[in-house]
>>> print(open('model.tsv').read())   # TSV, C-alpha atoms
chain	number	residue	atom	x	y	z
S	718	MET	CA	43.10	11.15	-41.75
S	719	ILE	CA	45.85	8.53	-41.82
S	720	LYS	CA	47.94	10.84	-43.96
S	721	PHE	CA	47.38	13.62	-41.45
S	722	ILE	CA	48.44	11.42	-38.53
S	723	ARG	CA	51.51	10.23	-40.37
S	724	HIS	CA	52.45	13.79	-41.24
S	725	TYR	CA	52.13	14.89	-37.63
S	726	PHE	CA	53.55	11.84	-35.86
S	727	LEU	CA	56.02	10.16	-38.19
S	728	PRO	CA	59.17	11.64	-39.71
S	729	ARG	CA	58.72	11.65	-43.50
S	730	THR	CA	59.78	13.58	-46.53
S	731	SER	CA	56.61	15.67	-46.31
S	732	ASN	CA	57.62	17.00	-42.89
S	733	ASN	CA	61.33	17.22	-43.57
S	734	HIS	CA	61.97	14.03	-41.58
S	735	ARG	CA	60.73	15.45	-38.31
S	736	SER	CA	57.20	14.76	-37.02
S	737	LYS	CA	55.23	17.89	-37.74
S	738	ILE	CA	53.92	18.15	-34.17
S	739	LEU	CA	57.53	18.44	-32.99
S	740	HIS	CA	58.42	21.32	-35.29
S	741	ASN	CA	59.09	24.55	-33.47
S	742	SER	CA	56.10	26.11	-35.22
S	743	SER	CA	53.80	23.39	-33.81
S	744	LEU	CA	55.33	23.69	-30.35
S	745	PHE	CA	54.71	27.42	-30.54
S	746	VAL	CA	51.04	26.77	-31.36
S	747	ILE	CA	50.82	24.46	-28.34
S	748	VAL	CA	52.31	27.18	-26.15
S	749	ILE	CA	49.72	29.67	-27.44
S	750	LEU	CA	46.88	27.18	-26.81
S	751	LEU	CA	48.11	26.52	-23.29
S	752	LEU	CA	48.36	30.23	-22.59
S	753	PHE	CA	44.83	30.74	-23.85
S	754	SER	CA	43.55	27.76	-21.82
S	755	SER	CA	45.18	29.10	-18.67
S	756	TRP	CA	43.77	32.57	-19.20
S	757	PHE	CA	40.30	31.20	-19.98
S	758	SER	CA	40.34	28.89	-16.94
S	759	ILE	CA	41.39	31.70	-14.60
S	760	ILE	CA	38.70	34.04	-15.90
S	761	VAL	CA	35.90	31.46	-15.68
S	762	ASN	CA	37.11	30.20	-12.29
S	763	LYS	CA	37.15	33.70	-10.81
S	764	THR	CA	33.90	34.88	-12.35
S	765	ASN	CA	31.86	31.66	-12.38
S	766	PRO	CA	33.27	29.19	-9.86
S	767	GLN	CA	29.97	27.30	-9.96
S	768	ILE	CA	30.79	26.40	-13.59
S	769	LEU	CA	34.54	25.80	-13.39
S	770	GLY	CA	35.77	25.39	-9.83
S	771	ILE	CA	37.08	23.00	-7.23
S	772	SER	CA	34.79	20.04	-6.70
S	773	TYR	CA	34.91	18.61	-3.21
S	774	SER	CA	32.64	16.83	-0.82
S	775	ILE	CA	33.73	16.13	2.72
S	776	SER	CA	31.42	15.30	5.56
S	777	ASN	CA	31.98	14.72	9.23
S	778	GLN	CA	30.17	11.38	8.86
S	779	GLU	CA	32.73	10.19	6.36
S	780	LEU	CA	35.59	11.33	8.56
S	781	LEU	CA	33.96	9.63	11.54
S	782	LEU	CA	33.49	6.45	9.66
S	783	LEU	CA	36.90	6.29	8.03
S	784	VAL	CA	38.97	7.14	11.06
S	785	ASN	CA	37.01	4.97	13.42
S	786	GLU	CA	37.33	2.15	10.94
S	787	GLN	CA	41.08	2.47	11.39
S	788	ARG	CA	40.71	2.47	15.17
S	789	LEU	CA	38.41	-0.52	15.17
S	790	GLU	CA	40.82	-2.44	12.98
S	791	ASN	CA	43.42	-1.81	15.64
S	792	ASN	CA	41.14	-2.84	18.50
S	793	LEU	CA	40.67	0.70	19.76
S	794	PRO	CA	37.36	2.19	20.85
S	795	PRO	CA	35.81	4.74	18.48
S	796	LEU	CA	35.96	8.41	19.34
S	797	LYS	CA	32.87	10.40	20.22
S	798	LEU	CA	31.94	13.65	18.56
S	799	ASN	CA	32.18	16.65	20.87
S	800	GLU	CA	30.58	19.98	19.99
S	801	LYS	CA	33.10	21.99	22.01
S	802	LEU	CA	35.96	20.43	20.10
S	803	SER	CA	34.13	21.10	16.83
S	804	SER	CA	33.77	24.75	17.84
S	805	ALA	CA	37.47	24.83	18.69
S	806	ALA	CA	38.32	23.33	15.30
S	807	SER	CA	36.13	25.90	13.58
S	808	ALA	CA	37.81	28.72	15.53
S	809	LYS	CA	41.24	27.38	14.55
S	810	ALA	CA	40.30	27.16	10.86
S	811	ASN	CA	38.97	30.71	10.86
S	812	HIS	CA	42.06	31.90	12.73
S	813	MET	CA	44.30	30.37	10.06
S	814	PHE	CA	42.35	32.02	7.25
S	815	ALA	CA	42.19	35.36	9.08
S	816	ASN	CA	45.92	35.36	9.91
S	817	ASN	CA	47.02	33.62	6.73
S	818	TYR	CA	49.08	30.79	8.19
S	819	TRP	CA	49.26	27.04	7.85
S	820	ALA	CA	50.66	25.61	11.06
S	821	HIS	CA	49.75	24.12	14.40
S	822	PHE	CA	50.99	27.25	16.16
S	823	ALA	CA	50.01	30.69	14.90
S	824	PRO	CA	52.74	33.23	14.07
S	825	ASP	CA	51.71	35.18	17.17
S	826	GLY	CA	52.32	32.09	19.28
S	827	THR	CA	48.68	31.10	19.74
S	828	SER	CA	48.61	27.39	20.43
S	829	PRO	CA	45.91	24.94	19.30
S	830	TRP	CA	45.12	24.30	22.95
S	831	LYS	CA	43.94	27.87	23.43
S	832	PHE	CA	41.07	27.27	20.99
S	833	ILE	CA	40.12	24.17	22.93
S	834	THR	CA	40.08	25.84	26.35
S	835	ASP	CA	38.43	28.98	24.96
S	836	ASN	CA	35.52	26.79	23.88
S	837	GLY	CA	35.06	25.39	27.36
S	838	TYR	CA	36.69	22.02	26.88
S	839	ASP	CA	38.67	21.28	30.02
S	840	TYR	CA	41.09	18.72	28.72
S	841	ILE	CA	43.63	16.40	30.18
S	842	TYR	CA	44.79	15.24	26.77
S	843	ALA	CA	44.36	17.22	23.60
S	844	GLY	CA	45.51	17.03	20.03
S	845	GLU	CA	45.09	18.56	16.61
S	846	ASN	CA	45.39	17.52	13.02
S	847	LEU	CA	45.30	19.61	9.89
S	848	ALA	CA	44.71	18.91	6.22
S	849	LYS	CA	44.23	21.20	3.27
S	850	GLY	CA	43.39	20.84	-0.38
S	851	PHE	CA	41.78	17.41	-0.18
S	852	VAL	CA	38.59	16.85	-2.15
S	853	THR	CA	37.37	13.77	-0.29
S	854	ALA	CA	37.49	12.62	3.32
S	855	GLU	CA	38.96	9.34	2.15
S	856	ASP	CA	41.97	11.08	0.57
S	857	ALA	CA	42.63	13.05	3.74
S	858	VAL	CA	42.39	10.04	6.04
S	859	ASP	CA	44.53	7.99	3.67
S	860	ALA	CA	47.19	10.71	3.73
S	861	TRP	CA	47.17	10.78	7.51
S	862	MET	CA	47.43	7.03	7.71
S	863	GLU	CA	50.44	7.07	5.40
S	864	SER	CA	52.26	9.45	7.71
S	865	PRO	CA	53.78	7.56	10.67
S	866	SER	CA	53.30	10.39	13.15
S	867	HIS	CA	49.72	11.06	12.07
S	868	ARG	CA	48.98	7.38	12.02
S	869	ASP	CA	50.27	7.04	15.56
S	870	ASN	CA	48.02	9.89	16.56
S	871	ILE	CA	44.94	8.44	14.90
S	872	LEU	CA	45.52	5.24	16.74
S	873	SER	CA	46.17	6.85	20.10
S	874	ALA	CA	44.23	5.40	23.03
S	875	GLN	CA	44.54	8.69	24.96
S	876	TYR	CA	41.72	10.36	23.08
S	877	LYS	CA	38.08	9.77	23.72
S	878	GLU	CA	36.41	12.60	21.78
S	879	VAL	CA	36.87	14.59	18.63
S	880	GLY	CA	35.56	17.66	16.86
S	881	PHE	CA	36.27	18.98	13.42
S	882	SER	CA	35.69	21.75	10.98
S	883	ILE	CA	35.72	21.80	7.18
S	884	VAL	CA	36.13	25.32	5.84
S	885	GLU	CA	36.77	26.73	2.36
S	886	GLY	CA	38.71	29.93	1.89
S	887	SER	CA	41.82	31.62	0.62
S	888	LEU	CA	45.03	30.75	2.44
S	889	GLN	CA	48.43	32.16	1.48
S	890	GLY	CA	47.08	33.16	-1.89
S	891	GLU	CA	45.52	29.80	-2.64
S	892	ASP	CA	41.84	28.89	-2.68
S	893	THR	CA	41.63	25.74	-0.62
S	894	VAL	CA	39.60	23.62	1.78
S	895	LEU	CA	40.90	23.20	5.32
S	896	ILE	CA	40.07	20.28	7.57
S	897	VAL	CA	40.81	20.88	11.23
S	898	GLU	CA	40.34	18.05	13.66
S	899	MET	CA	40.78	18.44	17.36
S	900	PHE	CA	40.40	15.80	19.88
S	901	GLY	CA	40.90	15.16	23.54
S	902	GLN	CA	39.89	13.66	26.78
S	903	GLU	CA	38.15	15.82	29.34
S	904	LYS	CA	39.31	16.01	32.91
S	905	ASN	CA	35.93	15.01	34.26
S	906	GLN	CA	35.99	11.88	32.09
S	907	PHE	CA	39.40	11.07	33.42
S	908	LEU	CA	38.28	11.63	37.01
S	909	ALA	CA	35.10	9.63	36.52
S	910	LYS	CA	37.12	6.75	35.16
S	911	ALA	CA	39.54	7.00	38.05
S	912	GLU	CA	36.63	6.89	40.50
S	913	VAL	CA	35.19	3.83	38.80
S	914	ASP	CA	38.59	2.21	38.90
S	915	ALA	CA	38.93	3.08	42.58
S	916	ASP	CA	35.51	1.56	43.36
S	917	SER	CA	36.34	-1.63	41.60
S	918	ILE	CA	39.67	-1.72	43.32
S	919	ASN	CA	38.03	-1.38	46.72
S	920	GLN	CA	35.62	-4.14	45.88
S	921	THR	CA	38.21	-6.54	44.65
S	922	GLN	CA	40.97	-5.64	47.08
S	923	VAL	CA	43.48	-5.06	44.37
S	924	ASP	CA	46.81	-3.59	45.34
S	925	GLU	CA	46.09	0.14	45.74
S	926	SER	CA	49.61	1.14	44.89
S	927	GLN	CA	48.83	0.41	41.26
S	928	VAL	CA	45.90	2.80	41.14
S	929	SER	CA	45.66	6.54	41.17
S	930	GLU	CA	42.58	7.48	43.17
S	931	ASP	CA	43.46	11.14	43.00
S	932	PRO	CA	44.95	11.67	39.59
S	933	ASP	CA	47.06	14.69	38.99
S	934	VAL	CA	44.78	16.59	36.67
S	935	ASN	CA	47.42	19.20	36.05
S	936	ASP	CA	49.51	16.67	34.27
S	937	VAL	CA	48.25	17.76	30.87
S	938	VAL	CA	49.67	16.18	27.78
S	939	GLU	CA	49.42	18.13	24.60
S	940	VAL	CA	50.16	16.13	21.49
S	941	PRO	CA	49.35	17.34	17.96
S	942	LEU	CA	47.78	14.44	16.17
S	943	LEU	CA	45.04	13.30	13.94
S	944	GLY	CA	41.35	13.54	14.51
S	945	THR	CA	38.78	10.84	14.55
S	946	ASN	CA	35.11	10.68	15.24
S	947	ASP	CA	32.65	8.33	16.72
S	948	VAL	CA	30.41	6.54	14.29
S	949	PHE	CA	28.07	5.41	16.99
S	950	GLU	CA	27.65	8.86	18.47
S	951	ALA	CA	26.91	10.20	15.01
S	952	LYS	CA	24.29	7.57	14.45
S	953	ASN	CA	22.62	8.71	17.64
S	954	GLY	CA	21.58	12.02	16.25
S	955	VAL	CA	24.63	14.22	15.87
S	956	GLU	CA	24.03	16.66	13.06
S	957	GLU	CA	26.02	15.84	9.96
S	958	ILE	CA	28.21	18.62	8.65
S	959	VAL	CA	28.83	18.34	4.94
S	960	SER	CA	31.09	20.72	3.15
S	961	GLN	CA	30.89	20.46	-0.60
S	962	ALA	CA	31.07	22.30	-3.89
S	963	THR	CA	29.92	20.76	-7.13
S	964	PRO	CA	30.77	22.96	-10.11
S	965	VAL	CA	29.70	21.86	-13.57
S	966	VAL	CA	33.34	21.15	-14.43
S	967	ASP	CA	35.92	20.27	-11.82
S	968	LEU	CA	38.87	22.54	-12.46
S	969	PHE	CA	41.65	20.36	-11.11
S	970	SER	CA	40.62	17.06	-12.68
S	971	SER	CA	39.76	18.63	-16.05
S	972	THR	CA	43.02	20.59	-16.35
S	973	LYS	CA	44.97	17.58	-15.13
S	974	THR	CA	43.33	15.33	-17.72
S	975	ILE	CA	43.97	17.77	-20.57
S	976	SER	CA	47.57	18.22	-19.46
S	977	PHE	CA	48.06	14.50	-19.13
S	978	ILE	CA	46.76	13.86	-22.66
S	979	LEU	CA	48.86	16.65	-24.17
S	980	THR	CA	52.03	15.42	-22.46
S	981	ALA	CA	51.29	11.84	-23.52
S	982	VAL	CA	50.78	12.92	-27.15
S	983	LEU	CA	54.11	14.76	-27.16
S	984	LEU	CA	55.83	11.83	-25.52
S	985	ILE	CA	54.46	9.37	-28.10
S	986	ALA	CA	55.48	11.71	-30.91
S	987	PHE	CA	59.04	11.93	-29.59
S	988	LEU	CA	59.23	8.15	-29.16
S	989	LEU	CA	57.97	7.48	-32.70
S	990	ASP	CA	60.32	10.09	-34.07
S	991	LEU	CA	63.24	8.58	-32.16
S	992	PHE	CA	62.67	5.04	-33.38
S	993	VAL	CA	61.85	5.85	-37.01
S	994	VAL	CA	64.86	8.12	-37.42
S	995	ALA	CA	67.16	5.67	-35.66
S	996	ARG	CA	65.98	2.87	-37.93
S	997	LYS	CA	66.26	4.88	-41.13
S	998	ARG	CA	69.50	6.57	-39.97
S	999	ILE	CA	68.33	9.97	-41.14
S	1000	PRO	CA	70.85	12.73	-40.39
S	1001	ARG	CA	69.29	16.01	-39.19
S	1002	ILE	CA	69.86	18.82	-36.74
S	1003	VAL	CA	67.19	18.76	-34.06
S	1004	GLY	CA	67.05	18.59	-30.28
S	1005	ASP	CA	67.95	15.33	-28.58
S	1006	ASN	CA	64.74	13.26	-28.49
S	1007	LEU	CA	66.03	11.26	-25.54
S	1008	ASP	CA	66.39	14.45	-23.52
S	1009	HIS	CA	62.77	15.42	-24.17
S	1010	ILE	CA	61.55	11.88	-23.57
S	1011	LEU	CA	63.28	11.80	-20.18
S	1012	LEU	CA	61.76	15.10	-19.13
S	1013	LEU	CA	58.24	14.27	-20.34
S	1014	THR	CA	58.31	10.77	-18.83
S	1015	ILE	CA	59.31	12.08	-15.41
S	1016	PHE	CA	56.76	14.88	-15.75
S	1017	ILE	CA	53.91	12.53	-16.69
S	1018	VAL	CA	54.69	10.32	-13.69
S	1019	PHE	CA	54.73	13.45	-11.54
S	1020	MET	CA	51.32	14.53	-12.90
S	1021	PHE	CA	49.89	11.10	-12.21
S	1022	ILE	CA	50.93	11.31	-8.55
S	1023	TYR	CA	50.35	15.03	-8.06
S	1024	ASN	CA	47.63	15.92	-5.62
S	1025	LEU	CA	46.72	19.24	-4.09
S	1026	GLY	CA	46.19	17.79	-0.62
S	1027	VAL	CA	48.68	18.47	2.18
S	1028	ILE	CA	48.64	17.34	5.79
S	1029	LEU	CA	50.24	18.83	8.86
O	1398	MET	CA	70.60	8.60	-29.66
O	1399	ARG	CA	73.76	7.80	-31.54
O	1400	ASN	CA	75.74	9.34	-28.68
O	1401	LEU	CA	73.90	7.58	-25.90
O	1402	HIS	CA	76.98	5.79	-24.58
O	1403	GLN	CA	79.09	8.87	-24.93
O	1404	HIS	CA	76.74	10.94	-22.78
O	1405	ILE	CA	75.37	8.30	-20.45
O	1406	ALA	CA	76.71	10.08	-17.37
O	1407	LEU	CA	74.94	13.29	-18.37
O	1408	TYR	CA	71.66	11.44	-18.94
O	1409	VAL	CA	71.87	9.72	-15.55
O	1410	PHE	CA	72.75	13.01	-13.89
O	1411	GLU	CA	69.78	14.65	-15.63
O	1412	ILE	CA	67.39	11.92	-14.49
O	1413	ILE	CA	68.60	12.25	-10.90
O	1414	ILE	CA	68.26	16.04	-10.81
O	1415	LEU	CA	64.82	16.07	-12.47
O	1416	GLY	CA	63.64	13.19	-10.28
O	1417	ILE	CA	64.79	14.88	-7.09
O	1418	GLY	CA	63.15	18.13	-8.16
O	1419	PHE	CA	59.78	16.53	-8.77
O	1420	ILE	CA	60.01	14.52	-5.54
O	1421	VAL	CA	60.63	17.75	-3.61
O	1422	ILE	CA	57.64	19.40	-5.30
O	1423	LEU	CA	55.48	16.39	-4.47
O	1424	ASN	CA	56.51	15.95	-0.86
O	1425	ALA	CA	57.51	19.31	0.55
O	1426	ASP	CA	54.78	21.54	1.87
O	1427	LEU	CA	55.46	24.40	-0.51
O	1428	SER	CA	53.37	27.19	-1.94
O	1429	PHE	CA	52.62	27.16	-5.66
O	1430	TRP	CA	55.16	29.90	-6.31
O	1431	ALA	CA	57.92	28.05	-4.43
O	1432	GLN	CA	57.13	24.94	-6.48
O	1433	LEU	CA	57.28	27.02	-9.65
O	1434	VAL	CA	60.73	28.35	-8.72
O	1435	ILE	CA	61.99	24.78	-8.21
O	1436	LEU	CA	60.51	23.79	-11.58
O	1437	LEU	CA	62.21	26.75	-13.26
O	1438	PHE	CA	65.58	25.70	-11.84
O	1439	MET	CA	64.98	22.15	-13.05
O	1440	LEU	CA	64.13	23.29	-16.55
O	1441	PHE	CA	67.08	25.66	-16.62
O	1442	PHE	CA	69.24	22.65	-15.79
O	1443	TYR	CA	67.50	20.58	-18.48
O	1444	ILE	CA	68.17	23.24	-21.12
O	1445	ALA	CA	71.76	23.74	-19.98
O	1446	VAL	CA	72.58	20.02	-20.05
O	1447	GLY	CA	70.92	19.63	-23.46
O	1448	LEU	CA	72.81	22.52	-24.96
O	1449	ILE	CA	76.12	21.37	-23.48
O	1450	ARG	CA	75.60	17.98	-25.08
O	1451	HIS	CA	74.77	19.47	-28.47
O	1452	THR	CA	77.80	21.74	-28.26
O	1453	LYS	CA	80.01	18.75	-27.54
O	1454	ASP	CA	78.50	16.97	-30.54
O	1455	HIS	CA	79.04	20.05	-32.71
O	1456	ASP	CA	75.39	20.14	-33.78
O	1457	MET	CA	74.34	23.17	-31.78
O	1458	HIS	CA	71.88	25.32	-33.68
O	1459	GLY	CA	69.44	28.13	-32.97
O	1460	LYS	CA	66.43	25.96	-33.68
O	1461	VAL	CA	67.73	23.30	-31.29
O	1462	MET	CA	67.90	25.89	-28.53
O	1463	LEU	CA	64.40	27.06	-29.44
O	1464	GLU	CA	63.14	23.48	-29.22
O	1465	TYR	CA	64.47	23.05	-25.66
O	1466	ILE	CA	63.01	26.38	-24.63
O	1467	SER	CA	59.62	25.54	-26.21
O	1468	ILE	CA	59.41	22.19	-24.41
O	1469	SER	CA	60.34	23.90	-21.14
O	1470	ILE	CA	57.67	26.56	-21.60
O	1471	ILE	CA	55.09	23.85	-22.34
O	1472	VAL	CA	56.02	22.05	-19.10
O	1473	ILE	CA	55.75	25.30	-17.13
O	1474	LEU	CA	52.37	26.13	-18.67
O	1475	ILE	CA	51.04	22.64	-17.97
O	1476	PHE	CA	52.19	22.91	-14.36
O	1477	PHE	CA	50.52	26.32	-14.19
O	1478	LEU	CA	47.32	24.96	-15.73
O	1479	ILE	CA	46.91	22.10	-13.27
O	1480	ASN	CA	47.48	24.51	-10.39
O	1481	ILE	CA	45.06	27.22	-11.44
O	1482	SER	CA	42.71	26.34	-8.59
O	1483	ARG	CA	45.49	27.33	-6.17
O	1484	ILE	CA	46.14	30.73	-7.74
>>> encode(input="model.tsv", output="structure tokens")
Amino acid sequence: MIKFIRHYFLPRTSNNHRSKILHNSSLFVIVILLLFSSWFSIIVNKTNPQILGISYSISNQELLLLVNEQRLENNLPPLKLNEKLSSAASAKANHMFANNYWAHFAPDGTSPWKFITDNGYDYIYAGENLAKGFVTAEDAVDAWMESPSHRDNILSAQYKEVGFSIVEGSLQGEDTVLIVEMFGQEKNQFLAKAEVDADSINQTQVDESQVSEDPDVNDVVEVPLLGTNDVFEAKNGVEEIVSQATPVVDLFSSTKTISFILTAVLLIAFLLDLFVVARKRIPRIVGDNLDHILLLTIFIVFMFIYNLGVIL
Amino acid sequence: MRNLHQHIALYVFEIIILGIGFIVILNADLSFWAQLVILLFMLFFYIAVGLIRHTKDHDMHGKVMLEYISISIIVILIFFLINISRI
């Protein structure tokens, strides 16, 4: 075994002073194995996604909890779940899959606000957030919080309610999971608050010039932003929506792990080869190890960071 | 390795180009195929820089070229493999 490892990972006379795994013949075998693995993975994924597929589990409760946690940390009231907004989010997700686009505004010009009004939500403020490819609610919320504009939206005080949809499908040739969150503040809420404010103003004789007793309800603000939900509303009986798939083997994590190991093995082999040959000063004609080490190091860092999730 | 100092500028240039390429793939909202095109350009650059350096050192050989191409194909296939769920 030790002899085998030395032969494959250390430059010696037996391997013509080049680690055997770095010989072109070995690299060719690796290429063939990778080709076979790719072909096998595609076939199994397409025919038996319950065995080898995307594993994800996202629930509205988790989204509610995570986003409202962020709001509470910033002394903002939690958002309440609204069924009309959830229906609007579902309509938007289906519209994106049906028309094959990934954007706030559809190619035909359909705005996110149309889905909201079409579902009977008469808003004074409305917003939308999108995420695709995330496998957990935590990852999606983390990504939004890392984006300044999305973070600002999550922490907006303008929004009182939220609705969302988690849908799996094929978008622009990719199998993915979309999260659509829409949120807003209804006109009647705004008016009710204004009336309450007006009552309290009358009672306390506060300067009326500072209060709008008849708010301009046409002054609608439309801001695309991130969705949140209300933990407390959910605890009071709102049905939990869980979208999940649990194949026997998770395709992304398994292929990523295999790829990571393979790249690491090659990187170690190149490093060992570099140091042993440099120390022994063995002259030979091979590719520049440092070149390959640079590429594989950058690539392994890339793989470590790489995630399928995208926000918009 | 023996020519590290001689080619330091090329190595730095290579790191910058490869780094920028991977950062673009990570951060830009691109389809898999667009990402693959960027990766192909990066690897083409990697092969070209490697071969230029070997030519300058007068140790250019067919098997050296094959080695660069093999490593590039492995990187492409690994990228393809981890993105199979998107295809």
>>> interface_residues(input="model.tsv", of="chain O", to="chain S", cutoff="7 Å", atoms="all atoms listed in the file", output="ChimeraX atom specification")
/O:1398,1416,1419,1423,1426,1447,1456,1461,1464-1465,1467,1471,1474-1475,1478-1479,1481-1484
>>> closest_residue(input="model.tsv", among="S:Lys737, S:Lys997, S:Lys801, S:Arg788", to="Phe721 of chain S", atoms="all atoms listed in the file")
S:Lys737
>>> atom_distance(input="model.tsv", atom1="atom CA of His734 of chain S", atom2="atom CA of Val993 of chain S")
9.4 Å
>>> residues_around(input="model.tsv", residues="Asp856 of chain S", least_positions_apart="2", cutoff="12 Å", atoms="all atoms listed in the file", output="PDB file with C-alpha atoms, in the coordinates of the input")
ATOM      1  CA  TYR S 773      34.910  18.610  -3.210  1.00  0.00           C
ATOM      2  CA  SER S 774      32.640  16.830  -0.820  1.00  0.00           C
ATOM      3  CA  ILE S 775      33.730  16.130   2.720  1.00  0.00           C
ATOM      4  CA  GLU S 779      32.730  10.190   6.360  1.00  0.00           C
ATOM      5  CA  LEU S 780      35.590  11.330   8.560  1.00  0.00           C
ATOM      6  CA  LEU S 783      36.900   6.290   8.030  1.00  0.00           C
ATOM      7  CA  VAL S 784      38.970   7.140  11.060  1.00  0.00           C
ATOM      8  CA  ALA S 848      44.710  18.910   6.220  1.00  0.00           C
ATOM      9  CA  LYS S 849      44.230  21.200   3.270  1.00  0.00           C
ATOM     10  CA  GLY S 850      43.390  20.840  -0.380  1.00  0.00           C
ATOM     11  CA  PHE S 851      41.780  17.410  -0.180  1.00  0.00           C
ATOM     12  CA  VAL S 852      38.590  16.850  -2.150  1.00  0.00           C
ATOM     13  CA  THR S 853      37.370  13.770  -0.290  1.00  0.00           C
ATOM     14  CA  ALA S 854      37.490  12.620   3.320  1.00  0.00           C
ATOM     15  CA  VAL S 858      42.390  10.040   6.040  1.00  0.00           C
ATOM     16  CA  ASP S 859      44.530   7.990   3.670  1.00  0.00           C
ATOM     17  CA  ALA S 860      47.190  10.710   3.730  1.00  0.00           C
ATOM     18  CA  TRP S 861      47.170  10.780   7.510  1.00  0.00           C
ATOM     19  CA  MET S 862      47.430   7.030   7.710  1.00  0.00           C
ATOM     20  CA  GLU S 863      50.440   7.070   5.400  1.00  0.00           C
ATOM     21  CA  ILE S 896      40.070  20.280   7.570  1.00  0.00           C
ATOM     22  CA  ASN S1024      47.630  15.920  -5.620  1.00  0.00           C
ATOM     23  CA  LEU S1025      46.720  19.240  -4.090  1.00  0.00           C
ATOM     24  CA  GLY S1026      46.190  17.790  -0.620  1.00  0.00           C
ATOM     25  CA  VAL S1027      48.680  18.470   2.180  1.00  0.00           C
ATOM     26  CA  ILE S1028      48.640  17.340   5.790  1.00  0.00           C
TER      27      ILE S1028
END
>>> atom_distance(input="model.tsv", atom1="atom CA of Glu855 of chain S", atom2="atom CA of Leu793 of chain S")
19.7 Å
>>> closest_residue(input="model.tsv", among="S:Ala843, S:Ile871, S:Ala806, S:Val884", to="Glu903 of chain S", atoms="only C-alpha atoms")
S:Ala843
>>> residues_around(input="model.tsv", residues="Met1462 of chain O", least_positions_apart="3", cutoff="8 Å", atoms="only C-alpha atoms", output="count of residues only")
8
>>> atom_distance(input="model.tsv", atom1="atom CA of Phe900 of chain S", atom2="atom CA of Ile841 of chain S")
10.8 Å
>>> closest_residue(input="model.tsv", among="S:Leu989, S:Ser807, S:Pro964, S:Asn777", to="Arg729 of chain S", atoms="all atoms listed in the file")
S:Leu989
>>> residues_around(input="model.tsv", residues="Glu845 of chain S", least_positions_apart="6", cutoff="12 Å", atoms="all atoms listed in the file", output="PyMOL selection string")
chain S and resi 802-803+805-807+809-810+820-822+828-833+867+870-871+876+878-882+896-901+939-945+1028-1029
>>> closest_residue(input="model.tsv", among="O:Leu1463, O:Ile1473, O:Leu1436, O:Val1446", to="Val1409 of chain O", atoms="all atoms listed in the file")
O:Val1446
>>> closest_residue(input="model.tsv", among="O:Leu1433, O:His1404, O:Ile1412, O:Ile1422", to="Val1472 of chain O", atoms="all atoms listed in the file")
O:Leu1433
